[in-house]
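Data block for input_28.tsv (TSV, C-alpha atoms and all ligand atoms):
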chain	number	residue	atom	x	y	z
A	20	MET	CA	0.00	0.00	0.00
A	21	ILE	CA	1.18	3.50	-0.89
A	22	TRP	CA	-0.04	6.63	0.91
A	23	LEU	CA	-0.06	9.65	-1.40
A	24	ILE	CA	-0.21	12.85	0.65
A	25	GLY	CA	-1.17	16.06	-1.18
A	26	ASN	CA	-3.05	14.27	-3.96
A	27	LYS	CA	-5.05	17.40	-4.84
A	28	GLY	CA	-1.98	19.54	-5.48
A	29	MET	CA	-0.33	20.14	-8.85
A	30	LEU	CA	2.29	17.39	-8.55
A	31	GLY	CA	0.08	15.12	-6.43
A	32	GLN	CA	-2.55	14.92	-9.16
A	33	ASP	CA	-0.02	13.75	-11.74
A	34	VAL	CA	1.40	11.20	-9.31
A	35	GLY	CA	-2.11	9.92	-8.56
A	36	LYS	CA	-2.90	9.62	-12.27
A	37	LEU	CA	0.22	7.57	-12.83
A	38	PHE	CA	-0.46	5.27	-9.86
A	39	LYS	CA	-3.98	4.72	-11.17
A	40	ARG	CA	-2.72	3.93	-14.67
A	41	LYS	CA	-0.24	1.43	-13.18
A	42	ARG	CA	-3.04	-0.07	-11.04
A	43	LEU	CA	-1.06	0.41	-7.82
A	44	SER	CA	-2.84	0.16	-4.49
A	45	TYR	CA	-2.78	3.56	-2.88
A	46	LEU	CA	-4.70	5.73	-0.50
A	47	THR	CA	-4.79	9.50	-0.70
A	48	SER	CA	-5.16	12.50	1.54
A	49	ASP	CA	-4.84	16.25	1.24
A	50	LYS	CA	-5.71	19.25	3.40
A	51	GLU	CA	-8.63	17.42	5.06
A	52	VAL	CA	-6.05	15.21	6.81
A	53	ASP	CA	-3.85	17.97	8.24
A	54	ILE	CA	-0.21	16.86	8.29
A	55	ALA	CA	0.43	19.42	11.04
A	56	ASN	CA	-1.71	17.31	13.38
A	57	TYR	CA	0.05	14.10	14.38
A	58	GLN	CA	-3.05	12.53	16.04
A	59	ILE	CA	-5.04	13.00	12.86
A	60	LEU	CA	-2.34	11.26	10.82
A	61	GLN	CA	-2.19	8.42	13.35
A	62	GLU	CA	-5.96	8.02	13.22
A	63	PHE	CA	-6.00	8.12	9.40
A	64	THR	CA	-3.38	5.39	9.07
A	65	LYS	CA	-4.56	3.21	11.98
A	66	ASP	CA	-4.45	-0.52	11.18
A	67	ILE	CA	-3.17	0.10	7.63
A	68	LYS	CA	0.11	-1.40	6.54
A	69	ILE	CA	1.90	1.22	4.44
A	70	GLU	CA	4.99	0.38	2.43
A	71	TRP	CA	5.58	3.80	0.87
A	72	ILE	CA	4.59	7.33	1.84
A	73	ILE	CA	4.80	9.91	-0.94
A	74	ASN	CA	4.59	13.46	0.35
A	75	CYS	CA	3.54	15.95	-2.33
A	76	SER	CA	1.85	18.28	0.16
A	77	GLY	CA	3.31	21.48	1.46
A	78	TYR	CA	2.94	25.16	2.14
A	79	THR	CA	3.94	26.42	-1.32
A	80	ASP	CA	3.05	30.13	-1.48
A	81	VAL	CA	6.57	31.57	-1.49
A	82	ASP	CA	5.60	35.23	-1.10
A	83	LYS	CA	2.84	34.70	1.45
A	84	ALA	CA	5.24	32.65	3.59
A	85	GLU	CA	7.21	35.83	4.34
A	86	LYS	CA	4.24	36.93	6.47
A	87	GLU	CA	2.79	33.56	7.44
A	88	ILE	CA	6.04	32.28	8.93
A	89	ALA	CA	4.43	30.12	11.62
A	90	GLU	CA	2.04	28.48	9.13
A	91	ALA	CA	4.86	27.72	6.65
A	92	PHE	CA	6.92	26.04	9.39
A	93	GLN	CA	3.89	24.25	10.81
A	94	ILE	CA	3.34	22.51	7.47
A	95	ASN	CA	6.82	22.28	5.90
A	96	ARG	CA	8.71	21.40	9.10
A	97	ASP	CA	6.28	20.13	11.76
A	98	GLY	CA	4.04	18.38	9.21
A	99	VAL	CA	7.03	16.63	7.69
A	100	ARG	CA	8.20	15.62	11.18
A	101	ASN	CA	4.77	14.09	11.82
A	102	ILE	CA	4.84	12.19	8.53
A	103	SER	CA	8.35	10.93	9.34
A	104	LYS	CA	7.23	9.70	12.76
A	105	ILE	CA	4.37	7.77	11.18
A	106	ALA	CA	6.82	6.35	8.62
A	107	ALA	CA	9.14	5.23	11.43
A	108	GLU	CA	6.29	3.57	13.35
A	109	LYS	CA	4.96	1.78	10.29
A	110	GLN	CA	8.38	1.04	8.79
A	111	SER	CA	7.33	2.80	5.61
A	112	LYS	CA	9.76	4.26	3.12
A	113	LEU	CA	9.28	7.96	2.43
A	114	ILE	CA	9.59	9.97	-0.77
A	115	HIS	CA	9.46	13.69	0.03
A	116	ILE	CA	9.61	16.63	-2.35
A	117	SER	CA	11.89	19.55	-1.55
A	118	THR	CA	13.18	22.55	-3.46
A	119	ASP	CA	16.08	24.38	-5.08
A	120	TYR	CA	15.17	27.24	-2.71
A	121	VAL	CA	17.24	25.56	0.01
A	122	PHE	CA	20.19	27.18	-1.82
A	123	ASP	CA	20.97	30.90	-1.94
A	124	GLY	CA	21.59	30.91	-5.71
A	125	ARG	CA	24.60	33.19	-5.44
A	126	GLN	CA	26.71	30.95	-7.71
A	127	ARG	CA	26.94	31.87	-11.36
A	128	ALA	CA	25.81	29.67	-14.25
A	129	PRO	CA	26.96	27.13	-15.41
A	130	PHE	CA	27.53	26.18	-11.74
A	131	ALA	CA	24.96	23.61	-10.62
A	132	TYR	CA	24.28	22.67	-6.99
A	133	SER	CA	24.96	19.06	-6.03
A	134	GLU	CA	23.23	17.24	-3.18
A	135	GLU	CA	26.26	17.84	-0.93
A	136	ASP	CA	26.54	21.57	-1.52
A	137	GLU	CA	25.98	23.88	1.37
A	138	THR	CA	22.39	25.01	1.82
A	139	ASN	CA	21.59	28.61	2.70
A	140	PRO	CA	17.96	29.53	2.03
A	141	ILE	CA	17.22	33.21	1.50
A	142	ASN	CA	13.46	33.18	2.09
A	143	VAL	CA	11.02	31.77	4.66
A	144	TYR	CA	9.69	29.10	2.30
A	145	GLY	CA	13.24	27.81	1.62
A	146	LYS	CA	14.05	27.84	5.35
A	147	SER	CA	10.89	25.92	6.22
A	148	LYS	CA	11.56	23.33	3.46
A	149	LEU	CA	15.15	22.87	4.66
A	150	ALA	CA	13.87	22.42	8.22
A	151	GLY	CA	11.55	19.69	6.86
A	152	GLU	CA	14.48	17.89	5.21
A	153	GLN	CA	16.37	18.00	8.52
A	154	GLU	CA	13.42	16.46	10.39
A	155	ILE	CA	13.39	13.53	7.95
A	156	GLU	CA	17.15	13.03	8.32
A	157	LYS	CA	16.82	13.00	12.13
A	158	ILE	CA	13.98	10.48	12.25
A	159	LEU	CA	14.34	8.15	9.25
A	160	GLU	CA	16.91	6.09	7.42
A	161	GLU	CA	14.80	4.87	4.52
A	162	TYR	CA	13.89	8.05	2.72
A	163	PHE	CA	14.32	9.78	-0.63
A	164	ILE	CA	14.25	13.57	-0.59
A	165	ILE	CA	13.89	14.91	-4.14
A	166	ARG	CA	14.77	18.56	-4.58
A	167	THR	CA	13.15	19.99	-7.67
A	168	ALA	CA	12.43	23.41	-9.19
A	169	TRP	CA	10.17	25.59	-11.34
A	170	LEU	CA	7.31	23.07	-11.47
A	171	TYR	CA	4.38	23.33	-13.84
A	172	GLY	CA	1.63	20.85	-14.67
A	173	VAL	CA	-1.89	20.54	-16.02
A	174	GLN	CA	-3.53	21.02	-12.61
A	175	GLY	CA	-2.69	24.01	-10.48
A	176	ASN	CA	-1.39	27.54	-10.71
A	177	ASN	CA	1.94	27.86	-12.39
A	178	PHE	CA	4.10	30.13	-14.52
A	179	VAL	CA	2.95	28.63	-17.85
A	180	TYR	CA	-0.71	29.32	-17.07
A	181	SER	CA	0.14	32.85	-15.83
A	182	MET	CA	1.95	33.57	-19.10
A	183	LEU	CA	-0.85	32.15	-21.27
A	184	ARG	CA	-3.31	34.39	-19.43
A	185	LEU	CA	-1.11	37.48	-19.71
A	186	PHE	CA	-0.49	36.87	-23.43
A	187	LYS	CA	-4.26	37.09	-23.93
A	188	GLU	CA	-4.72	40.17	-21.72
A	189	ARG	CA	-1.72	42.40	-22.48
A	190	ASP	CA	0.22	43.71	-25.45
A	191	VAL	CA	3.46	43.89	-23.46
A	192	VAL	CA	4.45	41.27	-20.89
A	193	LYS	CA	7.50	41.96	-18.72
A	194	VAL	CA	9.43	38.94	-17.46
A	195	ILE	CA	12.52	38.64	-15.27
A	196	ASN	CA	15.63	37.78	-17.26
A	197	ASP	CA	18.26	37.55	-14.53
A	198	GLN	CA	17.00	34.48	-12.64
A	199	ILE	CA	18.24	31.19	-14.06
A	200	GLY	CA	16.88	27.68	-13.48
A	201	SER	CA	15.33	24.58	-15.01
A	202	PRO	CA	11.57	24.39	-15.65
A	203	THR	CA	10.22	20.97	-14.68
A	204	TYR	CA	7.07	19.23	-15.84
A	205	THR	CA	5.21	17.52	-12.97
A	206	ALA	CA	4.43	14.49	-15.17
A	207	ASP	CA	8.17	13.87	-15.57
A	208	LEU	CA	8.75	14.14	-11.82
A	209	ALA	CA	5.81	11.77	-11.23
A	210	GLY	CA	7.55	9.27	-13.53
A	211	VAL	CA	10.70	9.47	-11.41
A	212	ILE	CA	8.71	8.88	-8.21
A	213	LEU	CA	7.22	5.77	-9.79
A	214	LYS	CA	10.66	4.61	-10.92
A	215	ILE	CA	12.03	4.94	-7.39
A	216	ILE	CA	9.15	2.85	-6.01
A	217	GLU	CA	9.51	0.20	-8.71
A	218	SER	CA	13.29	0.00	-8.47
A	219	ASN	CA	13.34	-1.14	-4.85
A	220	PHE	CA	16.72	0.61	-4.70
A	221	SER	CA	18.07	1.24	-1.22
A	222	GLY	CA	20.42	4.14	-1.92
A	223	TYR	CA	18.47	6.41	0.39
A	224	GLY	CA	19.21	10.11	0.75
A	225	ILE	CA	18.86	13.39	-1.10
A	226	TYR	CA	18.50	13.57	-4.90
A	227	HIS	CA	18.13	16.43	-7.35
A	228	PHE	CA	15.68	16.29	-10.24
A	229	THR	CA	14.60	18.84	-12.85
A	230	ASN	CA	14.16	18.66	-16.58
A	231	GLU	CA	17.46	19.04	-18.46
A	232	GLY	CA	18.73	22.40	-19.66
A	233	VAL	CA	18.85	25.83	-18.17
A	234	THR	CA	16.95	29.00	-18.98
A	235	SER	CA	15.72	32.30	-17.54
A	236	TRP	CA	12.08	33.13	-16.78
A	237	TYR	CA	12.23	35.47	-19.80
A	238	GLU	CA	13.45	32.77	-22.21
A	239	PHE	CA	10.93	30.35	-20.72
A	240	ALA	CA	8.14	32.87	-21.40
A	241	ARG	CA	9.38	33.32	-24.99
A	242	ALA	CA	9.28	29.56	-25.53
A	243	ILE	CA	5.75	29.35	-24.09
A	244	TYR	CA	4.68	32.15	-26.44
A	245	ASP	CA	6.29	30.68	-29.58
A	246	LYS	CA	5.11	27.14	-28.98
A	247	SER	CA	1.58	28.10	-27.97
A	248	LYS	CA	1.28	30.29	-31.05
A	249	ASP	CA	2.35	27.35	-33.23
A	250	LEU	CA	-0.28	25.19	-31.54
A	251	GLY	CA	-3.04	27.76	-31.93
A	252	LEU	CA	-3.42	28.25	-28.17
A	253	LEU	CA	-3.27	32.04	-28.73
A	254	GLY	CA	-5.23	33.90	-31.37
A	255	GLY	CA	-3.53	33.61	-34.79
A	256	ASP	CA	-2.93	37.33	-35.33
A	257	ARG	CA	-2.33	38.21	-31.70
A	258	ARG	CA	1.13	39.78	-31.20
A	259	VAL	CA	2.62	40.30	-27.75
A	260	GLU	CA	5.92	41.95	-26.92
A	261	ILE	CA	7.82	40.07	-24.23
A	262	ARG	CA	10.22	42.39	-22.48
A	263	GLY	CA	13.07	41.24	-20.24
A	264	ILE	CA	13.41	43.04	-16.91
A	265	LYS	CA	15.71	42.77	-13.91
A	266	THR	CA	14.70	41.24	-10.57
A	267	ASP	CA	15.14	44.67	-8.99
A	268	ASP	CA	12.46	46.06	-11.31
A	269	TYR	CA	9.92	43.50	-10.08
A	270	PRO	CA	9.92	43.54	-6.28
A	271	THR	CA	8.32	40.55	-4.55
A	272	ALA	CA	7.83	39.84	-0.84
A	273	ALA	CA	10.26	36.89	-0.95
A	274	LYS	CA	13.77	37.02	-2.39
A	275	ARG	CA	14.49	34.27	-4.91
A	276	PRO	CA	17.76	32.54	-5.77
A	277	LYS	CA	19.33	34.08	-8.87
A	278	CYS	CA	20.86	30.89	-10.15
A	279	SER	CA	19.47	27.64	-8.80
A	280	ILE	CA	20.54	24.99	-11.28
A	281	LEU	CA	20.47	21.52	-9.73
A	282	TYR	CA	23.18	18.98	-10.63
A	283	LYS	CA	21.40	15.72	-11.48
A	284	ASP	CA	24.11	13.15	-12.10
A	285	LYS	CA	23.28	11.17	-8.94
A	286	ILE	CA	19.63	10.50	-9.82
A	287	LYS	CA	20.51	9.82	-13.48
A	288	ARG	CA	23.18	7.32	-12.49
A	289	GLU	CA	21.36	5.51	-9.68
A	290	PHE	CA	18.03	5.19	-11.49
A	291	ASN	CA	19.34	4.94	-15.01
A	292	LEU	CA	17.30	7.97	-16.04
A	293	LYS	CA	17.20	9.73	-19.36
A	294	ILE	CA	15.75	13.16	-18.63
A	295	ARG	CA	14.28	15.21	-21.43
A	296	ASN	CA	15.14	18.83	-21.99
A	297	TRP	CA	12.79	21.47	-20.53
A	298	ASP	CA	11.72	22.71	-23.99
A	299	LYS	CA	10.68	19.22	-25.13
A	300	ALA	CA	8.72	18.71	-21.92
A	301	LEU	CA	7.07	22.12	-22.38
A	302	GLU	CA	6.12	21.20	-25.94
A	303	ASN	CA	4.53	17.98	-24.70
A	304	PHE	CA	2.66	19.88	-21.98
A	305	LEU	CA	1.33	22.50	-24.42
A	306	ASN	CA	0.31	19.76	-26.85
A	307	ILE	CA	-1.75	18.19	-24.08
A	308	LEU	CA	-3.30	21.59	-23.26
A	309	SER	CA	-4.20	22.18	-26.89
A	310	SER	CA	-6.03	18.85	-26.99
A	311	LEU	CA	-8.12	19.64	-23.87
A	312	PRO	CA	-11.57	21.24	-24.24
A	313	SER	CA	-11.23	25.05	-24.05
A	314	GLN	CA	-11.78	26.52	-20.57
A	315	GLU	CA	-13.21	29.75	-21.97
B	401	LIG	N1	5.65	24.50	-7.44
B	401	LIG	C1	6.96	24.56	-7.57
B	401	LIG	O1	7.49	25.27	-8.44
B	401	LIG	C2	7.85	23.74	-6.67
B	401	LIG	C3	9.24	23.83	-6.84
B	401	LIG	C4	10.06	23.07	-6.02
B	401	LIG	C5	9.53	22.22	-5.07
B	401	LIG	N2	8.18	22.18	-4.90
B	401	LIG	C6	7.63	21.27	-3.87
B	401	LIG	O2	6.92	20.26	-4.54
B	401	LIG	C7	5.79	19.82	-3.75
B	401	LIG	C8	4.53	19.87	-4.60
B	401	LIG	O3	4.37	21.20	-5.09
B	401	LIG	P1	3.02	21.67	-5.82
B	401	LIG	O4	3.37	22.89	-6.58
B	401	LIG	O5	2.39	20.50	-6.46
B	401	LIG	O6	2.16	22.13	-4.54
B	401	LIG	P2	0.61	22.49	-4.45
B	401	LIG	O7	-0.03	22.48	-5.77
B	401	LIG	O8	0.52	23.73	-3.60
B	401	LIG	O9	0.04	21.24	-3.62
B	401	LIG	C9	0.28	21.08	-2.26
B	401	LIG	C10	-0.94	20.38	-1.68
B	401	LIG	O10	-0.74	20.22	-0.26
B	401	LIG	C11	-1.95	20.60	0.39
B	401	LIG	N3	-1.72	21.00	1.76
B	401	LIG	C12	-1.41	22.22	2.25
B	401	LIG	N4	-1.35	22.20	3.59
B	401	LIG	C13	-1.62	20.93	3.98
B	401	LIG	C14	-1.73	20.30	5.24
B	401	LIG	N5	-1.54	20.98	6.38
B	401	LIG	N6	-2.03	18.98	5.27
B	401	LIG	C15	-2.23	18.28	4.12
B	401	LIG	N7	-2.15	18.83	2.90
B	401	LIG	C16	-1.86	20.15	2.82
B	401	LIG	C17	-2.45	21.75	-0.46
B	401	LIG	O11	-3.80	22.07	-0.19
B	401	LIG	P3	-4.30	23.59	-0.45
B	401	LIG	O12	-4.02	23.90	-1.88
B	401	LIG	O13	-5.76	23.50	-0.14
B	401	LIG	O14	-3.53	24.46	0.47
B	401	LIG	C18	-2.23	21.21	-1.86
B	401	LIG	O15	-3.31	20.38	-2.29
B	401	LIG	C19	5.78	20.73	-2.53
B	401	LIG	O16	6.40	20.09	-1.45
B	401	LIG	C20	6.63	21.93	-2.94
B	401	LIG	O17	7.26	22.52	-1.83
B	401	LIG	C21	7.33	22.91	-5.68
Can you present the structure in this file as structure tokens?
Ligand SMILES: NC(=O)c1ccc[n+]([C@@H]2O[C@H](COP(=O)([O-])OP(=O)(O)OC[C@H]3O[C@@H](n4cnc5c(N)ncnc54)[C@H](OP(=O)(O)O)[C@@H]3O)[C@@H](O)[C@H]2O)c1
Amino acid sequence: MIWLIGNKGMLGQDVGKLFKRKRLSYLTSDKEVDIANYQILQEFTKDIKIEWIINCSGYTDVDKAEKEIAEAFQINRDGVRNISKIAAEKQSKLIHISTDYVFDGRQRAPFAYSEEDETNPINVYGKSKLAGEQEIEKILEEYFIIRTAWLYGVQGNNFVYSMLRLFKERDVVKVINDQIGSPTYTADLAGVILKIIESNFSGYGIYHFTNEGVTSWYEFARAIYDKSKDLGLLGGDRRVEIRGIKTDDYPTAAKRPKCSILYKDKIKREFNLKIRNWDKALENFLNILSSLPSQE
């Protein structure tokens, strides 16, 4: 039995879809089974033998976390501690999703952070996610922590949807061009989670996973625009100017790492993974969107 936590979130929905397609036995929970409440988790899992726990839940609003510090830590640290305690009691293996925001991003491209590199989060969200990782390391031995970045998927709010909306509403869209990273399709990450479960591999620890390649938010936006135009997702004669701007010209509540490329050799080697480039994954994602019934 697998327990998928956060099954209503953006990543969780893709993981659930994959489990269903593979006919795996799994139970799900989301906000209604509050991970910050240990008794509730104990009650929910009472008398159930659980082999794997997959945690896709989390407090994920990076800007709001700057104000809601206690809430972010309650979910991303205390909630993860509770899940780890349940995993220890039930002798379950845990797959937990973490973030590139555990790093400060002060390195310059092409530098990529490896799993052993020093962490130094620069915002509350990153600090709370790092605290969650540390709880797992204290309590469990059989865990996989996957740090990922710049997620987008069919379900949920994400950068691709924001851009598609702005391209319809505005003639000029300004996008930050001095933050560098790797956009990652949730369906690809879901595939890796499945591979870890199926492999039965016991090389527990921290792993990095994103789609291959590196880009800026600006270049990412350009690719979304070009590909969605080709696919007819935007009106045929609609022209939008995409303008690159600096981080300093777009103040947000939370600071973000400037360069948060994750080095992925470990996960590629241990799980024999071939990871596709971010632009190919984006193309696939937009193809799927173009085949869905219009939301308008
Ligand atoms: N999105 C990214 O770009 C990104 C990048 C790197 C790492 N990650 C990590 O990847 C994971 C999945 O991200 P995502 O974007 O798929 O997140 P998401 O869409 O925000 O999904 C998270 C889910 O967890 C639920 N949740 C919140 N508080 C909970 C609680 N106390 N108990 C149980 N469930 C709770 C949320 O419910 P509500 O929506 O009702 O609050 C939501 O359904 C997270 O751990 C995130 O930190 C995300």
Residues within 12 Å of A:Ile67, all atoms listed in the file, excluding chain neighbours under 4 positions, as a list in words: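 Here the qualifying residues turn out to be Met20, Ile21, Trp22, Tyr45, Leu46, Leu60, Gln61, Glu62, Phe63, Trp71, Ile105, Ala106, Glu108, Lys109, Gln110 and Ser111 of chain A.
Residue neighbourhood of A:Tyr144, excluding near-sequence residues (fewer than 4 positions): Tyr78, Thr79, Asp80, Val81, Asp82, Lys83, Ala84, Glu85, Ile88, Ala91, Phe92, Asn95, Tyr120, Val121, Pro140, Lys148, Leu149 and Ala273 of chain A, at 9 Å, using only C-alpha atoms.
If you measure from each of A:Thr118, A:Gln32, A:Asn74, A:Gln58 to ligand LIG 401 (chain B) using all atoms listed in the file, the closest one turns out to be A:Thr118.
Picture a line from atom CA of A:Glu134 to atom CA of A:Arg166; it runs 8.7 Å.
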Can you tell me which residues sit at most 6 Å away from ligand LIG 401 (chain B), counting all atoms listed in the file, written as number ranges by chain? A: 25, 27-31, 49-50, 52-55, 75-79, 94, 116-118, 167-170, 175
Top pick for closest residue to A:Leu305, considering A:Val179, A:Ala209, A:Leu113, A:Leu185 and counting all atoms listed in the file: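 Closest to A:Leu305, using all atoms listed in the file: A:Val179.
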Selected residue, from A:Ile286, A:Ile261, A:Cys278, A:Ile69, that lies nearest to A:Arg189 when counting all atoms listed in the file: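 Distance minimum relative to A:Arg189 lands on A:Ile261.
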Of the candidates A:Leu292, A:Ile72, A:Ile102, A:Leu311, which shows the shortest atom-to-atom distance to A:Lys214, using all atoms listed in the file? A:Leu292
Selected residue, from A:Trp236, A:Phe290, A:Phe186, A:Tyr162, that lies nearest to A:Val259 when counting all atoms listed in the file: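 Using all atoms listed in the file, the shortest distance to A:Val259 belongs to A:Phe186.
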Residue contacts of A:Arg275 (8 Å, all atoms listed in the file) excluding same-chain residues fewer than 6 positions away, as a ChimeraX atom specification: /A:120,123-124,141-142
For the residues in the current selection, export C-alpha atoms as a PDB file, keeping the file's coordinate frame.
ATOM      1  CA  TYR A 120      15.170  27.240  -2.710  1.00  0.00           C
ATOM      2  CA  ASP A 123      20.970  30.900  -1.940  1.00  0.00           C
ATOM      3  CA  GLY A 124      21.590  30.910  -5.710  1.00  0.00           C
ATOM      4  CA  ILE A 141      17.220  33.210   1.500  1.00  0.00           C
ATOM      5  CA  ASN A 142      13.460  33.180   2.090  1.00  0.00           C
TER       6      ASN A 142
END
Here atom CA of A:Leu308 and atom CA of A:Asp256 stand apart by 19.8 Å
Find, counting all atoms listed in the file, the residue in A:Gln174, A:Glu260, A:Lys287, A:Lys274 that gets nearest to A:Lys36.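 Among A:Gln174, A:Glu260, A:Lys287, A:Lys274, it is A:Gln174 that comes nearest to A:Lys36.
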I want to know what sits within 8 Å of A:Arg262, based on all atoms listed in the file, with residues of the same chain fewer than 3 positions away left out; could you give that as number ranges by chain? A: 191-194, 237
Just how far from atom CA of A:Asp190 is atom CA of A:Ser247, in Å to one decimal? 15.9 Å
